[in-house]
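Participant: Here it is, the structure, as structure tokens.
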Amino acid sequence: MAEIIPNEDKEYSVLLDKIGQRIDQGKQEVARALIKSMLGTYWDMGQYIVEYEQDGKPHAIYGQQLFKRLSKDLTLRYGKGYSVPNLYNMRQFYQVYKDGYEELLSLTWSHVCILMRIENPVEREFYQRQCIDEKWDVTSLNRQKKSALFLRLAANKDKNEIIKLAREGIVIEKPEDVVKDVYTLDFMNLPSNIVIDETELEARLMKQLGFFFLELGKGFTFVGEQYPMRINNKTFKCDLVFYHRILKCFFLVDLKIDEVEHKDIGQMNMYMGYFAEEVNEPDDKPPVGLILAREKDELMVKYATYGMDTNLFVSKYELYLPDENELRKLVEKALNDDTEIEN
């Protein structure tokens, strides 16, 4: 027999939940106010230091001694938080964000310290936009910056597209906005001399699923691995299945340890047909298929996908970080193009 909860207990539970929600809200408000106050204080301190340094030659003789002296005196007066490196950070904060820091108020000081060290303002704007929109923590920001996410996304774009990417971040409206040409799986930390098969590759990805989600991008939820599909008394299995919350569709991933072959493309097309007919709910969009391969013959893929579903993609993956210098050269060349930027 079900326990009957007295009405006053129900009312008390509602009261408790309401108070708890307000406490949580209050804590968030305090945290935001603290960050706002801290950033404002640090920005002002950076400004004072810069103005002091620029106030004629007599002050210039201090050099690094100024920061050592300031650190010592501020620490004696106010306690921790005023180390020499942090004072340098405050000065740089003001120098980089001289026009204002209001957009940064949802971020932490640790975020800001990473962002302001990105020299290219277009690249910095991209990571700043992503931190705000995607609510990246510091670990995520470090990971995406280390893997040269902006450079990888911008390498094949023209000047206008790069500027738009920096200003708006990653905008997801169609499958093409989600799929990358190359995925970096360096987080698996595979030795260069190791040889693994597709099963081992999948297992290692599953162990680092959080990092793989970060590489896939926004909107993915995990459905399952080795997802079974029964067709005419035969069972086929898709390596990894996700659902994309923004695109409202299943996202099928097949892993290939070597070069993708035409039969792999036909197989993925079959998987997509199965999901469209047997798994999709009425309000789901058509599924997206992605074959991730170590090597990719562009011409073969072009002919093998001729006339097929445009939601079928073939991308490469690399196990090590890309050559950042080469990517940067491509992006800087595009940014230095004299083509007029569209507003």
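All residue names refer to the structure tokens as shown: chains lettered A, B, ... in order, residues numbered from 1 in each chain, ligands numbered from 1 in order.
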Using DSSP on the backbone coordinates, identify all residues within segment 107-251 of chain A classified as strand (DSSP E or B); present the result as a list in words.
Facilitator: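 Of segment 107-251 of chain A, the ones in strand (DSSP E or B) are Val182, Tyr183, Thr184, Phe220, Thr221, Phe222, Val223, Gly224, Glu225, Gln226, Tyr227, Pro228, Met229, Arg230, Ile231, Lys234, Thr235, Phe236, Lys237, Cys238, Asp239, Leu240, Val241, Phe242, Tyr243, His244, Cys249, Phe250 and Phe251 of chain A.
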Participant: So that I have them on file, write out the residues from the current selection with N, CA and C atoms, as a PDB file, in the first residue's frame.
Facilitator:
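To be explicit, this is the file written out as result-v8.pdb:
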```pdb
ATOM      1  N   VAL A 182      38.942  17.454 -40.714  1.00  0.00           N
ATOM      2  CA  VAL A 182      39.924  16.638 -39.995  1.00  0.00           C
ATOM      3  C   VAL A 182      39.623  16.703 -38.492  1.00  0.00           C
ATOM      4  N   TYR A 183      39.619  15.554 -37.839  1.00  0.00           N
ATOM      5  CA  TYR A 183      39.417  15.474 -36.392  1.00  0.00           C
ATOM      6  C   TYR A 183      40.751  15.122 -35.739  1.00  0.00           C
ATOM      7  N   THR A 184      41.061  15.813 -34.651  1.00  0.00           N
ATOM      8  CA  THR A 184      42.314  15.564 -33.941  1.00  0.00           C
ATOM      9  C   THR A 184      42.038  14.735 -32.689  1.00  0.00           C
ATOM     10  N   PHE A 220      26.081  17.241 -28.956  1.00  0.00           N
ATOM     11  CA  PHE A 220      26.067  15.784 -29.073  1.00  0.00           C
ATOM     12  C   PHE A 220      25.719  15.098 -27.750  1.00  0.00           C
ATOM     13  N   THR A 221      24.880  14.074 -27.837  1.00  0.00           N
ATOM     14  CA  THR A 221      24.635  13.181 -26.710  1.00  0.00           C
ATOM     15  C   THR A 221      24.922  11.752 -27.182  1.00  0.00           C
ATOM     16  N   PHE A 222      25.460  10.946 -26.288  1.00  0.00           N
ATOM     17  CA  PHE A 222      25.865   9.589 -26.657  1.00  0.00           C
ATOM     18  C   PHE A 222      24.682   8.627 -26.577  1.00  0.00           C
ATOM     19  N   VAL A 223      24.492   7.830 -27.628  1.00  0.00           N
ATOM     20  CA  VAL A 223      23.415   6.841 -27.670  1.00  0.00           C
ATOM     21  C   VAL A 223      23.960   5.443 -27.389  1.00  0.00           C
ATOM     22  N   GLY A 224      25.029   5.055 -28.067  1.00  0.00           N
ATOM     23  CA  GLY A 224      25.582   3.731 -27.831  1.00  0.00           C
ATOM     24  C   GLY A 224      26.716   3.388 -28.774  1.00  0.00           C
ATOM     25  N   GLU A 225      27.466   2.323 -28.421  1.00  0.00           N
ATOM     26  CA  GLU A 225      28.523   1.813 -29.295  1.00  0.00           C
ATOM     27  C   GLU A 225      28.111   0.440 -29.814  1.00  0.00           C
ATOM     28  N   GLN A 226      28.645   0.100 -30.983  1.00  0.00           N
ATOM     29  CA  GLN A 226      28.294  -1.158 -31.649  1.00  0.00           C
ATOM     30  C   GLN A 226      26.771  -1.316 -31.695  1.00  0.00           C
ATOM     31  N   TYR A 227      26.124  -0.291 -32.184  1.00  0.00           N
ATOM     32  CA  TYR A 227      24.664  -0.251 -32.237  1.00  0.00           C
ATOM     33  C   TYR A 227      24.155  -1.286 -33.252  1.00  0.00           C
ATOM     34  N   PRO A 228      23.337  -2.263 -32.810  1.00  0.00           N
ATOM     35  CA  PRO A 228      22.930  -3.356 -33.701  1.00  0.00           C
ATOM     36  C   PRO A 228      21.759  -2.982 -34.611  1.00  0.00           C
ATOM     37  N   MET A 229      21.843  -3.441 -35.866  1.00  0.00           N
ATOM     38  CA  MET A 229      20.761  -3.246 -36.838  1.00  0.00           C
ATOM     39  C   MET A 229      20.489  -4.583 -37.512  1.00  0.00           C
ATOM     40  N   ARG A 230      19.283  -5.081 -37.341  1.00  0.00           N
ATOM     41  CA  ARG A 230      18.916  -6.396 -37.888  1.00  0.00           C
ATOM     42  C   ARG A 230      18.256  -6.205 -39.240  1.00  0.00           C
ATOM     43  N   ILE A 231      18.911  -6.697 -40.302  1.00  0.00           N
ATOM     44  CA  ILE A 231      18.395  -6.553 -41.665  1.00  0.00           C
ATOM     45  C   ILE A 231      18.443  -7.919 -42.350  1.00  0.00           C
ATOM     46  N   LYS A 234      20.427 -10.661 -40.797  1.00  0.00           N
ATOM     47  CA  LYS A 234      21.835 -10.342 -40.589  1.00  0.00           C
ATOM     48  C   LYS A 234      21.932  -9.143 -39.649  1.00  0.00           C
ATOM     49  N   THR A 235      22.905  -9.173 -38.777  1.00  0.00           N
ATOM     50  CA  THR A 235      23.091  -8.069 -37.831  1.00  0.00           C
ATOM     51  C   THR A 235      24.309  -7.246 -38.234  1.00  0.00           C
ATOM     52  N   PHE A 236      24.064  -5.973 -38.423  1.00  0.00           N
ATOM     53  CA  PHE A 236      25.134  -5.026 -38.717  1.00  0.00           C
ATOM     54  C   PHE A 236      25.285  -4.119 -37.499  1.00  0.00           C
ATOM     55  N   LYS A 237      26.487  -3.610 -37.309  1.00  0.00           N
ATOM     56  CA  LYS A 237      26.731  -2.769 -36.140  1.00  0.00           C
ATOM     57  C   LYS A 237      27.467  -1.499 -36.534  1.00  0.00           C
ATOM     58  N   CYS A 238      26.898  -0.370 -36.102  1.00  0.00           N
ATOM     59  CA  CYS A 238      27.545   0.923 -36.289  1.00  0.00           C
ATOM     60  C   CYS A 238      28.437   1.185 -35.079  1.00  0.00           C
ATOM     61  N   ASP A 239      29.663   1.639 -35.313  1.00  0.00           N
ATOM     62  CA  ASP A 239      30.633   1.777 -34.222  1.00  0.00           C
ATOM     63  C   ASP A 239      30.117   2.674 -33.100  1.00  0.00           C
ATOM     64  N   LEU A 240      29.711   3.894 -33.455  1.00  0.00           N
ATOM     65  CA  LEU A 240      29.265   4.854 -32.444  1.00  0.00           C
ATOM     66  C   LEU A 240      28.027   5.584 -32.947  1.00  0.00           C
ATOM     67  N   VAL A 241      27.047   5.751 -32.074  1.00  0.00           N
ATOM     68  CA  VAL A 241      25.824   6.468 -32.428  1.00  0.00           C
ATOM     69  C   VAL A 241      25.601   7.588 -31.413  1.00  0.00           C
ATOM     70  N   PHE A 242      25.380   8.782 -31.945  1.00  0.00           N
ATOM     71  CA  PHE A 242      25.081   9.950 -31.119  1.00  0.00           C
ATOM     72  C   PHE A 242      23.738  10.533 -31.569  1.00  0.00           C
ATOM     73  N   TYR A 243      23.221  11.430 -30.762  1.00  0.00           N
ATOM     74  CA  TYR A 243      22.055  12.218 -31.188  1.00  0.00           C
ATOM     75  C   TYR A 243      22.433  13.676 -31.031  1.00  0.00           C
ATOM     76  N   HIS A 244      22.127  14.475 -32.065  1.00  0.00           N
ATOM     77  CA  HIS A 244      22.471  15.894 -32.016  1.00  0.00           C
ATOM     78  C   HIS A 244      21.241  16.699 -31.629  1.00  0.00           C
ATOM     79  N   CYS A 249      18.751  15.127 -34.914  1.00  0.00           N
ATOM     80  CA  CYS A 249      18.977  13.952 -35.769  1.00  0.00           C
ATOM     81  C   CYS A 249      19.992  13.015 -35.131  1.00  0.00           C
ATOM     82  N   PHE A 250      19.942  11.739 -35.544  1.00  0.00           N
ATOM     83  CA  PHE A 250      20.954  10.772 -35.136  1.00  0.00           C
ATOM     84  C   PHE A 250      22.226  11.040 -35.935  1.00  0.00           C
ATOM     85  N   PHE A 251      23.356  10.783 -35.289  1.00  0.00           N
ATOM     86  CA  PHE A 251      24.662  11.042 -35.884  1.00  0.00           C
ATOM     87  C   PHE A 251      25.456   9.741 -35.782  1.00  0.00           C
TER      88      PHE A 251
END
```
Participant: Can you list, as a CSV table (one decimal) with N, CA and C atoms, in the first residue's frame, every protein, DNA or RNA residue that comes within 7 Å of Glu324 of chain A when you count only C-alpha atoms, leaving out same-chain residues fewer than 3 positions away?
Facilitator:
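Output contents, as saved in around17.csv:
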```
chain,number,residue,atom,x,y,z
A,148,ALA,N,44.5,23.8,-31.6
A,148,ALA,CA,44.4,24.8,-32.7
A,148,ALA,C,43.0,24.7,-33.4
A,327,LEU,N,49.2,25.9,-40.4
A,327,LEU,CA,47.8,26.3,-40.3
A,327,LEU,C,47.7,27.9,-40.2
A,328,ARG,N,48.6,28.4,-39.3
A,328,ARG,CA,48.6,29.8,-39.0
A,328,ARG,C,49.0,30.6,-40.3
```
Participant: Write out as an MDAnalysis selection string the residues lying within 10 Å of Ala31 of chain A, counting only C-alpha atoms and excluding same-chain residues fewer than 5 positions away.
Facilitator: chainID A and resid 25:26 36:37 106 108
Participant: Work out how far apart atom CA of Lys157 of chain A and atom CA of Lys302 of chain A are and give it in Å to one decimal.
Facilitator: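 Computed distance, atom CA of Lys157 of chain A to atom CA of Lys302 of chain A, equals 20.6 Å.
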Participant: Give me, as a list in words, the residues of segment 228-302 of chain A that a backbone DSSP run labels alpha helix (DSSP H).
Facilitator: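 Matching residues, listed in order: His262, Lys263, Asp264, Ile265, Gly266, Gln267, Met268, Asn269, Met270, Tyr271, Met272, Gly273, Tyr274, Glu298, Leu299, Met300, Val301 and Lys302 of chain A.
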Participant: Just write the chosen residues, C-alpha atoms, as a PDB file, in the first residue's frame.
Facilitator:
```
ATOM      1  CA  HIS A 262      33.945   2.537 -51.482  1.00  0.00           C
ATOM      2  CA  LYS A 263      32.277  -0.377 -49.700  1.00  0.00           C
ATOM      3  CA  ASP A 264      32.549   1.547 -46.410  1.00  0.00           C
ATOM      4  CA  ILE A 265      30.582   4.385 -47.966  1.00  0.00           C
ATOM      5  CA  GLY A 266      27.875   2.033 -49.208  1.00  0.00           C
ATOM      6  CA  GLN A 267      27.643   0.460 -45.771  1.00  0.00           C
ATOM      7  CA  MET A 268      27.210   3.832 -44.056  1.00  0.00           C
ATOM      8  CA  ASN A 269      24.535   4.767 -46.566  1.00  0.00           C
ATOM      9  CA  MET A 270      22.691   1.588 -45.570  1.00  0.00           C
ATOM     10  CA  TYR A 271      23.006   2.468 -41.866  1.00  0.00           C
ATOM     11  CA  MET A 272      21.510   5.889 -42.557  1.00  0.00           C
ATOM     12  CA  GLY A 273      18.615   4.313 -44.455  1.00  0.00           C
ATOM     13  CA  TYR A 274      17.949   1.920 -41.578  1.00  0.00           C
ATOM     14  CA  GLU A 298      39.199  12.616 -52.364  1.00  0.00           C
ATOM     15  CA  LEU A 299      38.506  11.490 -55.933  1.00  0.00           C
ATOM     16  CA  MET A 300      37.315   8.031 -54.887  1.00  0.00           C
ATOM     17  CA  VAL A 301      35.041   9.553 -52.238  1.00  0.00           C
ATOM     18  CA  LYS A 302      33.628  11.989 -54.800  1.00  0.00           C
TER      19      LYS A 302
END
```
Participant: Do you have the atom CA of Trp136 of chain A-atom CA of Arg167 of chain A distance handy?
Facilitator: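 Atom CA of Trp136 of chain A sits 16.8 Å away from atom CA of Arg167 of chain A.
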